[in-house]
Amino acid sequence: MSQQQQTGPLRHFLQFRDFTKEEILYLFERAKLIKDKFKRYEPHRPLHDRNLAMVFEKASTRTRVSFEAGMYQMGGSVIHLTTGDSQLGRSEPIEDTARVISRMVDLVMIRTFEQTRIERFAAHSRVPVINGLTNEYHPCQILADIFTFIEHSGPVEGRTVAWIGDANNMAYTWLQAAEILGFTLHVSAPKGYQLEFARVGQPPARVLRQFDDPLEACRGAHLVTTDVWTSMGYEDENEARRKAFANWCVDAEMMAAADPAALFMHCLPAHRGEEVSADVIDGPQSVVWDEAENRMHVQKALMEFLLLGHL
């Protein structure tokens, strides 16, 4: 395949709704092809001589490894930056960092704090910017989760996903995905940790249903998913959250209330005995390891799309 250049306006992936349904489904098609080639040890290097800058203002395991390995596998190279080894840690305005970095690389992935921070970077970037995680959204993870669901259970449209736990960046991104891809999201969180209607408005019941009882949220669901009780940056709330979330541990009873073929997912790292019981995350319905691997495959499709467009 000859290398092609993306044409048209500059595109970023800062939240799930930045792409249309058709574009998301195209990414899943490409991810399947890319993963199939990976499993056959068949090279796929459409990004030869392209450079990805990864900017980490928050620590990472899966995000770093999946983007770095993925870019190398596609023939490109990677520059890894943290606040400790860049001028970002010395209070350089992020707009200035964006102007400089984007003159030297082809693509930027950022893992940072407020969504406004990545939006400011993207507004001053000459190249596509990808959200590797912010306080508000985690779109690459939801891409991987839905791709994993499709692999195991078929199309997600018309299905039910149960989110059990904190209304965090994952929950808000799941809601965007439900609106775009046509499935229903059940959310159950303790009082004080629920979705904020000031942010989401009043989605129709076919998109969002909220439950006080996490067991009821799981009833009939085709996917049950959760996250740690305390996300990065909220560690000082550990004890308060431990008490508030005591009944929000996904266990065998919750999985039994779900559809008999339901899957369990967790974006990891996981705390067995807190947000999920060991027999669930290590049980036969859990697909967390496929889910973790699929971060790499969907992100390869995403980087390919942002740089080369439809192939």
# chains A, B, ... in the order shown; residues from 1 in each chain; ligands from 1
>>> select_by_dssp(residues="range 13-109 of chain A", states="alpha helix (DSSP H)", output="number ranges by chain")
A: 21-39, 62-73, 94-101
>>> residues_around(residues="Glu293 in chain A", least_positions_apart="5", cutoff="10 Å", atoms="only C-alpha atoms", output="ChimeraX atom specification")
/A:35,62,65-66,144,148,288,298
>>> closest_atom_pairs(of="range 168-241 of chain A", to="range 255-268 of chain A", cutoff="7 Å", atoms="only C-alpha atoms", output="CSV")
residue,atom,partner,partner_atom,distance
A:Leu215,CA,A:Ala257,CA,7.0
A:Cys218,CA,A:Ala258,CA,5.2
A:Arg219,CA,A:Ala258,CA,4.6
A:Gly220,CA,A:Ala258,CA,4.3
A:Ala221,CA,A:Ala258,CA,4.8
A:His222,CA,A:Ala262,CA,4.4
A:Leu223,CA,A:Leu263,CA,4.8
A:Val224,CA,A:Phe264,CA,5.0
A:Thr225,CA,A:Met265,CA,4.7
A:Thr226,CA,A:His266,CA,5.4
A:Asp227,CA,A:His266,CA,5.8
>>> write_last_selection(atoms="C-alpha atoms", output="PDB file, in the first residue's frame")
ATOM      1  CA  LEU A 215     -28.276  -5.243  41.072  1.00  0.00           C
ATOM      2  CA  CYS A 218     -27.338  -5.287  35.906  1.00  0.00           C
ATOM      3  CA  ARG A 219     -30.646  -7.040  35.280  1.00  0.00           C
ATOM      4  CA  GLY A 220     -30.739  -8.243  31.662  1.00  0.00           C
ATOM      5  CA  ALA A 221     -27.560  -6.370  30.714  1.00  0.00           C
ATOM      6  CA  HIS A 222     -25.379  -7.766  27.925  1.00  0.00           C
ATOM      7  CA  LEU A 223     -22.260  -6.142  29.374  1.00  0.00           C
ATOM      8  CA  VAL A 224     -21.447  -5.274  32.981  1.00  0.00           C
ATOM      9  CA  THR A 225     -18.512  -2.947  33.483  1.00  0.00           C
ATOM     10  CA  THR A 226     -16.928  -0.934  36.256  1.00  0.00           C
ATOM     11  CA  ASP A 227     -13.807   0.962  37.350  1.00  0.00           C
TER      12      ASP A 227
END
>>> closest_residue(among="A:Glu23, A:Glu42, A:Glu235, A:Glu275", to="Ala189 in chain A", atoms="only C-alpha atoms")
A:Glu275
>>> closest_residue(among="A:Cys249, A:Val200, A:Leu52, A:Leu307", to="Tyr172 in chain A", atoms="only C-alpha atoms")
A:Val200
>>> closest_residue(among="A:His152, A:His12, A:Ala171, A:Gln299", to="Ser286 in chain A", atoms="only C-alpha atoms")
A:His152
>>> residues_around(residues="range 183-188 of chain A", least_positions_apart="3", cutoff="9 Å", atoms="only C-alpha atoms", output="ChimeraX atom specification")
/A:156-167,171,174-175,177-180,194-195,205-218,221,248
>>> write_last_selection(atoms="N, CA and C atoms", output="short mmCIF file (atom, residue, chain, number, x, y, z; two decimals), in the first residue's frame")
data_model
loop_
_atom_site.label_atom_id
_atom_site.label_comp_id
_atom_site.auth_asym_id
_atom_site.auth_seq_id
_atom_site.Cartn_x
_atom_site.Cartn_y
_atom_site.Cartn_z
N VAL A 156 -23.30 -3.93 18.96
CA VAL A 156 -23.70 -3.37 20.24
C VAL A 156 -25.04 -2.64 20.14
N GLU A 157 -25.44 -2.28 18.94
CA GLU A 157 -26.69 -1.56 18.76
C GLU A 157 -27.87 -2.37 19.31
N GLY A 158 -28.73 -1.73 20.08
CA GLY A 158 -29.88 -2.39 20.66
C GLY A 158 -29.59 -3.17 21.92
N ARG A 159 -28.36 -3.22 22.36
CA ARG A 159 -27.99 -3.97 23.56
C ARG A 159 -28.03 -3.05 24.80
N THR A 160 -27.74 -3.66 25.95
CA THR A 160 -27.74 -2.91 27.21
C THR A 160 -26.39 -3.08 27.90
N VAL A 161 -25.80 -1.96 28.27
CA VAL A 161 -24.53 -1.93 29.00
C VAL A 161 -24.80 -1.39 30.40
N ALA A 162 -24.35 -2.09 31.44
CA ALA A 162 -24.53 -1.64 32.82
C ALA A 162 -23.20 -1.11 33.35
N TRP A 163 -23.23 0.15 33.75
CA TRP A 163 -22.06 0.77 34.38
C TRP A 163 -22.31 0.82 35.88
N ILE A 164 -21.45 0.17 36.65
CA ILE A 164 -21.63 0.08 38.09
C ILE A 164 -20.49 0.83 38.77
N GLY A 165 -20.81 1.94 39.44
CA GLY A 165 -19.78 2.67 40.16
C GLY A 165 -19.76 4.15 39.83
N ASP A 166 -18.62 4.76 40.07
CA ASP A 166 -18.44 6.20 39.98
C ASP A 166 -18.81 6.74 38.60
N ALA A 167 -19.52 7.86 38.58
CA ALA A 167 -19.81 8.54 37.32
C ALA A 167 -18.58 9.34 36.92
N ALA A 171 -17.75 6.62 32.57
CA ALA A 171 -19.21 6.66 32.50
C ALA A 171 -19.70 7.71 31.51
N TRP A 174 -19.06 6.39 28.03
CA TRP A 174 -20.05 5.37 27.70
C TRP A 174 -21.37 6.01 27.27
N LEU A 175 -21.74 7.09 27.94
CA LEU A 175 -23.00 7.76 27.59
C LEU A 175 -22.92 8.35 26.18
N ALA A 177 -21.12 7.22 23.77
CA ALA A 177 -21.14 6.07 22.86
C ALA A 177 -22.55 5.52 22.69
N ALA A 178 -23.33 5.48 23.77
CA ALA A 178 -24.70 4.99 23.69
C ALA A 178 -25.53 5.87 22.78
N GLU A 179 -25.34 7.17 22.88
CA GLU A 179 -26.08 8.10 22.03
C GLU A 179 -25.73 7.90 20.56
N ILE A 180 -24.46 7.66 20.27
CA ILE A 180 -24.01 7.56 18.88
C ILE A 180 -24.31 6.19 18.28
N GLN A 194 -23.12 10.44 41.25
CA GLN A 194 -23.92 10.13 40.07
C GLN A 194 -23.63 11.09 38.93
N LEU A 195 -24.14 10.76 37.75
CA LEU A 195 -23.99 11.64 36.59
C LEU A 195 -24.59 13.01 36.89
N ALA A 205 -34.85 7.60 27.75
CA ALA A 205 -34.69 6.31 28.43
C ALA A 205 -34.08 5.26 27.54
N ARG A 206 -34.23 5.39 26.21
CA ARG A 206 -33.62 4.41 25.31
C ARG A 206 -32.10 4.55 25.30
N VAL A 207 -31.58 5.67 25.81
CA VAL A 207 -30.14 5.91 25.88
C VAL A 207 -29.62 5.70 27.30
N LEU A 208 -30.31 6.25 28.29
CA LEU A 208 -29.81 6.24 29.67
C LEU A 208 -30.91 5.93 30.66
N ARG A 209 -30.62 4.97 31.56
CA ARG A 209 -31.47 4.70 32.71
C ARG A 209 -30.58 4.66 33.95
N GLN A 210 -30.99 5.34 35.01
CA GLN A 210 -30.21 5.37 36.24
C GLN A 210 -30.92 4.58 37.34
N PHE A 211 -30.13 3.89 38.16
CA PHE A 211 -30.65 2.99 39.18
C PHE A 211 -29.96 3.26 40.51
N ASP A 212 -30.76 3.25 41.58
CA ASP A 212 -30.19 3.34 42.92
C ASP A 212 -29.57 2.00 43.32
N ASP A 213 -30.17 0.90 42.85
CA ASP A 213 -29.72 -0.45 43.20
C ASP A 213 -28.85 -1.01 42.07
N PRO A 214 -27.57 -1.27 42.33
CA PRO A 214 -26.70 -1.78 41.27
C PRO A 214 -27.15 -3.14 40.72
N LEU A 215 -27.78 -3.95 41.55
CA LEU A 215 -28.28 -5.24 41.07
C LEU A 215 -29.33 -5.05 40.00
N GLU A 216 -30.22 -4.07 40.18
CA GLU A 216 -31.27 -3.79 39.19
C GLU A 216 -30.67 -3.23 37.90
N ALA A 217 -29.59 -2.48 38.03
CA ALA A 217 -28.92 -1.95 36.84
C ALA A 217 -28.36 -3.07 35.98
N CYS A 218 -27.93 -4.16 36.62
CA CYS A 218 -27.34 -5.29 35.91
C CYS A 218 -28.39 -6.19 35.27
N ALA A 221 -28.62 -7.05 31.47
CA ALA A 221 -27.56 -6.37 30.71
C ALA A 221 -26.72 -7.36 29.93
N TRP A 248 -21.33 -1.39 45.89
CA TRP A 248 -21.17 -1.31 44.43
C TRP A 248 -19.99 -2.17 43.96
#
>>> residues_around(residues="range 67-79 of chain A", least_positions_apart="5", cutoff="9 Å", atoms="only C-alpha atoms", output="PyMOL selection string")
chain A and resi 38+43-55+62+105+109+295-297+299-300+303-304
